[in-house]
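Peer 1: Mind having a look at this structure? Questions to follow.
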Amino acid sequence: MQYLKKTFRWFGPSFGVTLDDIKQIGVEGIVAACQEVPLGEVWPVETIRSLKNEIESYGLEWSVVESVNIHTAIKYGLPERDVYIANYIQTLKNLAANDIYTVCYNFMQLIDWTRTDLDYVLPSGGSALRYSPIAAAAFDLFILQRENAKETYTDAVYQEAKSYLDGLSEAERKKLESSILAGMPGSRKLIALDEFKKNHATVLEISKDQLQENLAYFLRAIIPEAEKIGVKMAIHPDDPPFSVFGVPRIVSNYDELKFLLDCCPSPSNGLTFCSGSLGASAENDLVKMVADFGDKIHFIHLRNVARSPDGSFYEADHLDGSVPIDKVMKAIIKEQKRRHEKGDEIVSIPMRPDHGHVLLDDKKRQNDFYSGYSLIGRAMGLAQLSGLEKGIRESLV
């Protein structure tokens, strides 16, 4: 039976990791996007082909698109959303014309993911991404200054957040702000605080039910077209999988995944199973998710998080943390076995080691790569996951 297809996310040569680097660590495929195309516009066939040719010139495959980002008009249900949906469909057609058929995307309303520290130093001397609810509350209450935010926190949390912020130097305060406003993966540009505040205020006016309906509207429009051309859409979970800054989450738990899959049943309507995003909540049973939604998993992100009782977490070694990664891998292999026996589905599911610590020579080019996307840290994660996969496979023979 086929192994998982080993892939690696690449943002381009200006982000500290080259295709030549990636080729040397034994991956088969690249996860990439046409990042230079403005949000909401159609990805031209020629732009797609040029990037694909560049990847293939190193003997690699462009396996997954991550991401074809969704315009805010679609997320917010604005009148002009149909124009952007039409553009999105044409982009999918242009990707299929270049034999690219797996598309990862997300429906997060403000930013792709939220962390309060992008350089959390570990006992080993390496560093990782971290989320602190107290630091997030301090940003929400005193920097973002969300209206009525104080009412959503206990007095104890409010006081702790105030003390935390008061204890920061001006440079540390700026670092917190920059960590949260880090923008989209693949961009060095921080989201302007005024722009963030404007989008945030808009989102707060939209109920969770309406946000889910906006997602369903999008799916009902694109999934039939994606199915016609053989494109597999794989939504990424919200990260972290709980409300931040008062914004509801709609792709964060079992019931929400079931809702989006049921609203538009199709082989093309599927998931990016991210063990780190979903694993940041102790309430999520990742093994059950793989077992119940396995036939809808089109792409896999594997990483681990170490959760604390106060709600904070940091990104741990891939094999060490709060996520039972061995049980998750075993469930994935069982899903592959089911597909193999059925004979009509993709068995070699693309998987990438998600994020990675900053280690060794990574520190010399830390300012080059996007936070979480170091070379050596992710390469180590890939090696660990590959060994885990092989060991579990042999134990099931």
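How things are named: the first chain in the structure tokens is A, the next is B, and so on; residues count from 1 in each chain; ligands count from 1 in the order shown.
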List as a list in words the protein and nucleic acid residues near Asn106 (chain A), meaning an atom at most 9 Å away when only C-alpha atoms are counted, but skip any in the same chain fewer than 4 places from it.
Peer 2: Ser67, Val68, Asn69, Ile70, Asp112, Ala234, Ile235, His236, Pro237, Asp238 and Val251 of chain A
Peer 1: Write out as a tab-separated table a residue-level contact list of region 332-395 of chain A versus region 303-307 of chain A with cut-off 12 Å: for each qualifying residue the closest pair of atoms and the distance in Å to one decimal, counting only C-alpha atoms, rows sorted by chain and residue number upward.
Peer 2:
```
residue	atom	partner	partner_atom	distance
A:Met351	CA	A:Arg303	CA	10.8
A:Arg352	CA	A:Arg303	CA	9.0
A:Pro353	CA	A:Arg303	CA	6.3
A:Asp354	CA	A:Arg303	CA	5.3
A:His355	CA	A:Arg303	CA	7.0
A:Gly356	CA	A:Arg303	CA	8.1
A:His357	CA	A:Arg303	CA	10.7
A:Gly372	CA	A:Arg303	CA	11.0
A:Gly377	CA	A:Arg303	CA	11.3
A:Arg378	CA	A:Arg303	CA	9.5
A:Met380	CA	A:Arg303	CA	11.4
A:Gly381	CA	A:Arg303	CA	7.8
A:Leu382	CA	A:Arg303	CA	9.7
A:Gln384	CA	A:Arg303	CA	10.5
A:Leu385	CA	A:Arg303	CA	9.1
```
Peer 1: Which one is closest to Gly167 (chain A): A:Ala135, A:Ala192, A:Met289, A:Ala73? Count only C-alpha atoms.
Peer 2: A:Ala135
Peer 1: Rank nothing, just name the residue among A:Ala86, A:Ile349, A:Ala136, A:Ala331 nearest to Thr272 (chain A), using only C-alpha atoms.
Peer 2: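 Going through A:Ala86, A:Ile349, A:Ala136, A:Ala331 one by one, the smallest distance to Thr272 (chain A) is for A:Ile349.
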Peer 1: I'd like the contact shell of Cys34 (chain A) - 8 Å cut-off, only C-alpha atoms, skipping same-chain residues fewer than 3 positions apart - returned as a PDB file with N, CA, C and O atoms, in the first residue's frame.
Peer 2:
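Now in result-v3.pdb:
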```pdb
ATOM      1  N   VAL A  37      -0.511  37.334  -7.207  1.00  0.00           N
ATOM      2  CA  VAL A  37      -1.810  37.729  -7.765  1.00  0.00           C
ATOM      3  C   VAL A  37      -2.645  38.364  -6.653  1.00  0.00           C
ATOM      4  O   VAL A  37      -2.847  37.753  -5.605  1.00  0.00           O
ATOM      5  N   TRP A  43      -6.252  33.832 -11.163  1.00  0.00           N
ATOM      6  CA  TRP A  43      -4.867  33.426 -11.395  1.00  0.00           C
ATOM      7  C   TRP A  43      -4.719  33.093 -12.886  1.00  0.00           C
ATOM      8  O   TRP A  43      -5.316  32.128 -13.371  1.00  0.00           O
ATOM      9  N   THR A  47       0.686  32.403 -15.370  1.00  0.00           N
ATOM     10  CA  THR A  47       1.326  32.548 -14.061  1.00  0.00           C
ATOM     11  C   THR A  47       1.415  31.198 -13.370  1.00  0.00           C
ATOM     12  O   THR A  47       2.441  30.839 -12.768  1.00  0.00           O
ATOM     13  N   ILE A  48       0.328  30.440 -13.453  1.00  0.00           N
ATOM     14  CA  ILE A  48       0.307  29.098 -12.870  1.00  0.00           C
ATOM     15  C   ILE A  48       1.343  28.213 -13.547  1.00  0.00           C
ATOM     16  O   ILE A  48       2.117  27.518 -12.885  1.00  0.00           O
ATOM     17  N   LEU A  51       5.017  28.998 -12.519  1.00  0.00           N
ATOM     18  CA  LEU A  51       5.391  28.482 -11.208  1.00  0.00           C
ATOM     19  C   LEU A  51       5.521  26.963 -11.248  1.00  0.00           C
ATOM     20  O   LEU A  51       6.459  26.388 -10.671  1.00  0.00           O
TER      21      LEU A  51
END
```
Peer 1: At a cut-off of 10 Å, using only C-alpha atoms, what residues contact region 17-21 of chain A? Leave out same-chain residues fewer than 2 positions from it and give the result as a VMD selection string.
Peer 2: chain A and resid 8 to 15 23 to 26 30 54 to 60 362 365 368 to 370 373 to 376
Peer 1: Do a neighbour search on Ala96 (chain A) at 8 Å with only C-alpha atoms, toss out local chain neighbours closer than 5 positions, and write the hits as an MDAnalysis selection string.
Peer 2: chainID A and resid 101 229:231
Peer 1: Please return as an MDAnalysis selection string: the residues of region 217-272 of chain A that backbone DSSP assigns to strand (DSSP E).
Peer 2: chainID A and resid 232:235 269:272
Peer 1: Could you list, as a list of chain:residue names, every residue within 6 Å of region 334-348 of chain A, counting only C-alpha atoms and ignoring same-chain residues fewer than 5 positions away?
Peer 2: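 With the cut-off at 6 Å, the set is A:Gln2, A:Tyr3, A:Leu4, A:Lys5, A:Gly294.
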Peer 1: Looking at only C-alpha atoms, which of A:Trp113, A:Phe293, A:Tyr158, A:Phe139 is the one that sits closest to Ser277 (chain A)?
Peer 2: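 Answer, going by the shortest atom-to-atom distance: A:Trp113.
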Peer 1: So, counting only C-alpha atoms, which residue among A:Ile85, A:Leu261, A:Val244, A:Leu359 is closest to Ala138 (chain A)?
Peer 2: A:Val244
Peer 1: In region 110-207 of chain A, what's alpha helix (DSSP H) per DSSP? Answer as a PyMOL selection string?
Peer 2: chain A and resi 133-138+155-166+170-180+193-204
Peer 1: Let me see the file: selected residues, N, CA and C atoms, as a tab-separated table (two decimals), in the first residue's frame.
Peer 2:
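File produced: part.tsv:
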```
chain	number	residue	atom	x	y	z
A	133	PRO	N	-3.48	33.28	26.08
A	133	PRO	CA	-4.78	33.97	26.18
A	133	PRO	C	-4.69	35.29	26.93
A	134	ILE	N	-3.76	35.42	27.87
A	134	ILE	CA	-3.60	36.68	28.59
A	134	ILE	C	-3.01	37.74	27.67
A	135	ALA	N	-2.01	37.36	26.88
A	135	ALA	CA	-1.44	38.31	25.91
A	135	ALA	C	-2.48	38.70	24.87
A	136	ALA	N	-3.28	37.73	24.42
A	136	ALA	CA	-4.34	38.02	23.45
A	136	ALA	C	-5.38	38.96	24.05
A	137	ALA	N	-5.72	38.73	25.32
A	137	ALA	CA	-6.68	39.61	26.00
A	137	ALA	C	-6.13	41.02	26.14
A	138	ALA	N	-4.85	41.14	26.44
A	138	ALA	CA	-4.21	42.46	26.55
A	138	ALA	C	-4.30	43.21	25.22
A	155	ASP	N	-13.08	39.45	35.79
A	155	ASP	CA	-12.27	40.50	36.42
A	155	ASP	C	-10.82	40.04	36.59
A	156	ALA	N	-10.66	38.76	36.93
A	156	ALA	CA	-9.30	38.24	37.14
A	156	ALA	C	-8.49	38.30	35.85
A	157	VAL	N	-9.09	37.90	34.74
A	157	VAL	CA	-8.39	37.92	33.45
A	157	VAL	C	-8.10	39.37	33.04
A	158	TYR	N	-9.07	40.24	33.26
A	158	TYR	CA	-8.87	41.65	32.91
A	158	TYR	C	-7.66	42.22	33.66
A	159	GLN	N	-7.61	41.98	34.96
A	159	GLN	CA	-6.52	42.50	35.77
A	159	GLN	C	-5.18	41.88	35.38
A	160	GLU	N	-5.20	40.58	35.08
A	160	GLU	CA	-3.96	39.91	34.68
A	160	GLU	C	-3.47	40.45	33.34
A	161	ALA	N	-4.41	40.68	32.41
A	161	ALA	CA	-4.04	41.22	31.09
A	161	ALA	C	-3.48	42.64	31.24
A	162	LYS	N	-4.09	43.44	32.11
A	162	LYS	CA	-3.61	44.81	32.33
A	162	LYS	C	-2.22	44.81	32.94
A	163	SER	N	-2.02	43.94	33.93
A	163	SER	CA	-0.69	43.85	34.56
A	163	SER	C	0.35	43.38	33.56
A	164	TYR	N	-0.05	42.43	32.73
A	164	TYR	CA	0.87	41.91	31.69
A	164	TYR	C	1.30	43.04	30.76
A	165	LEU	N	0.34	43.81	30.26
A	165	LEU	CA	0.68	44.87	29.31
A	165	LEU	C	1.48	45.97	29.98
A	166	ASP	N	1.10	46.31	31.22
A	166	ASP	CA	1.84	47.36	31.94
A	166	ASP	C	3.29	46.96	32.17
A	170	GLU	N	8.13	49.29	25.65
A	170	GLU	CA	7.54	49.72	24.39
A	170	GLU	C	7.90	48.76	23.26
A	171	ALA	N	9.14	48.26	23.27
A	171	ALA	CA	9.57	47.31	22.24
A	171	ALA	C	8.81	46.00	22.36
A	172	GLU	N	8.58	45.54	23.59
A	172	GLU	CA	7.85	44.29	23.81
A	172	GLU	C	6.38	44.44	23.41
A	173	ARG	N	5.83	45.61	23.67
A	173	ARG	CA	4.45	45.87	23.26
A	173	ARG	C	4.33	45.84	21.74
A	174	LYS	N	5.30	46.46	21.07
A	174	LYS	CA	5.30	46.44	19.60
A	174	LYS	C	5.47	45.02	19.07
A	175	LYS	N	6.28	44.23	19.76
A	175	LYS	CA	6.48	42.84	19.35
A	175	LYS	C	5.18	42.05	19.45
A	176	LEU	N	4.41	42.26	20.52
A	176	LEU	CA	3.12	41.60	20.66
A	176	LEU	C	2.19	42.00	19.53
A	177	GLU	N	2.13	43.28	19.27
A	177	GLU	CA	1.26	43.78	18.21
A	177	GLU	C	1.67	43.19	16.85
A	178	SER	N	2.96	43.18	16.59
A	178	SER	CA	3.46	42.66	15.31
A	178	SER	C	3.20	41.16	15.18
A	179	SER	N	3.31	40.43	16.28
A	179	SER	CA	3.07	38.98	16.25
A	179	SER	C	1.65	38.68	15.83
A	180	ILE	N	0.70	39.46	16.34
A	180	ILE	CA	-0.70	39.22	16.02
A	180	ILE	C	-1.05	39.72	14.63
A	193	LEU	N	-2.95	48.25	11.78
A	193	LEU	CA	-3.88	48.15	12.89
A	193	LEU	C	-5.23	48.78	12.55
A	194	ASP	N	-5.22	49.89	11.83
A	194	ASP	CA	-6.49	50.54	11.45
A	194	ASP	C	-7.31	49.63	10.54
A	195	GLU	N	-6.63	48.96	9.61
A	195	GLU	CA	-7.33	48.03	8.71
A	195	GLU	C	-7.88	46.85	9.49
A	196	PHE	N	-7.07	46.34	10.42
A	196	PHE	CA	-7.51	45.22	11.26
A	196	PHE	C	-8.74	45.62	12.06
A	197	LYS	N	-8.71	46.82	12.65
A	197	LYS	CA	-9.85	47.31	13.44
A	197	LYS	C	-11.11	47.42	12.58
A	198	LYS	N	-10.95	47.91	11.36
A	198	LYS	CA	-12.10	48.06	10.46
A	198	LYS	C	-12.71	46.70	10.12
A	199	ASN	N	-11.87	45.74	9.73
A	199	ASN	CA	-12.38	44.39	9.41
A	199	ASN	C	-12.97	43.72	10.64
A	200	HIS	N	-12.32	43.94	11.77
A	200	HIS	CA	-12.80	43.35	13.02
A	200	HIS	C	-14.19	43.85	13.37
A	201	ALA	N	-14.39	45.15	13.24
A	201	ALA	CA	-15.71	45.73	13.54
A	201	ALA	C	-16.78	45.16	12.61
A	202	THR	N	-16.41	44.94	11.35
A	202	THR	CA	-17.37	44.37	10.39
A	202	THR	C	-17.75	42.96	10.79
A	203	VAL	N	-16.75	42.15	11.14
A	203	VAL	CA	-17.01	40.75	11.49
A	203	VAL	C	-17.87	40.65	12.74
A	204	LEU	N	-17.66	41.54	13.69
A	204	LEU	CA	-18.42	41.47	14.94
A	204	LEU	C	-19.91	41.71	14.74
```
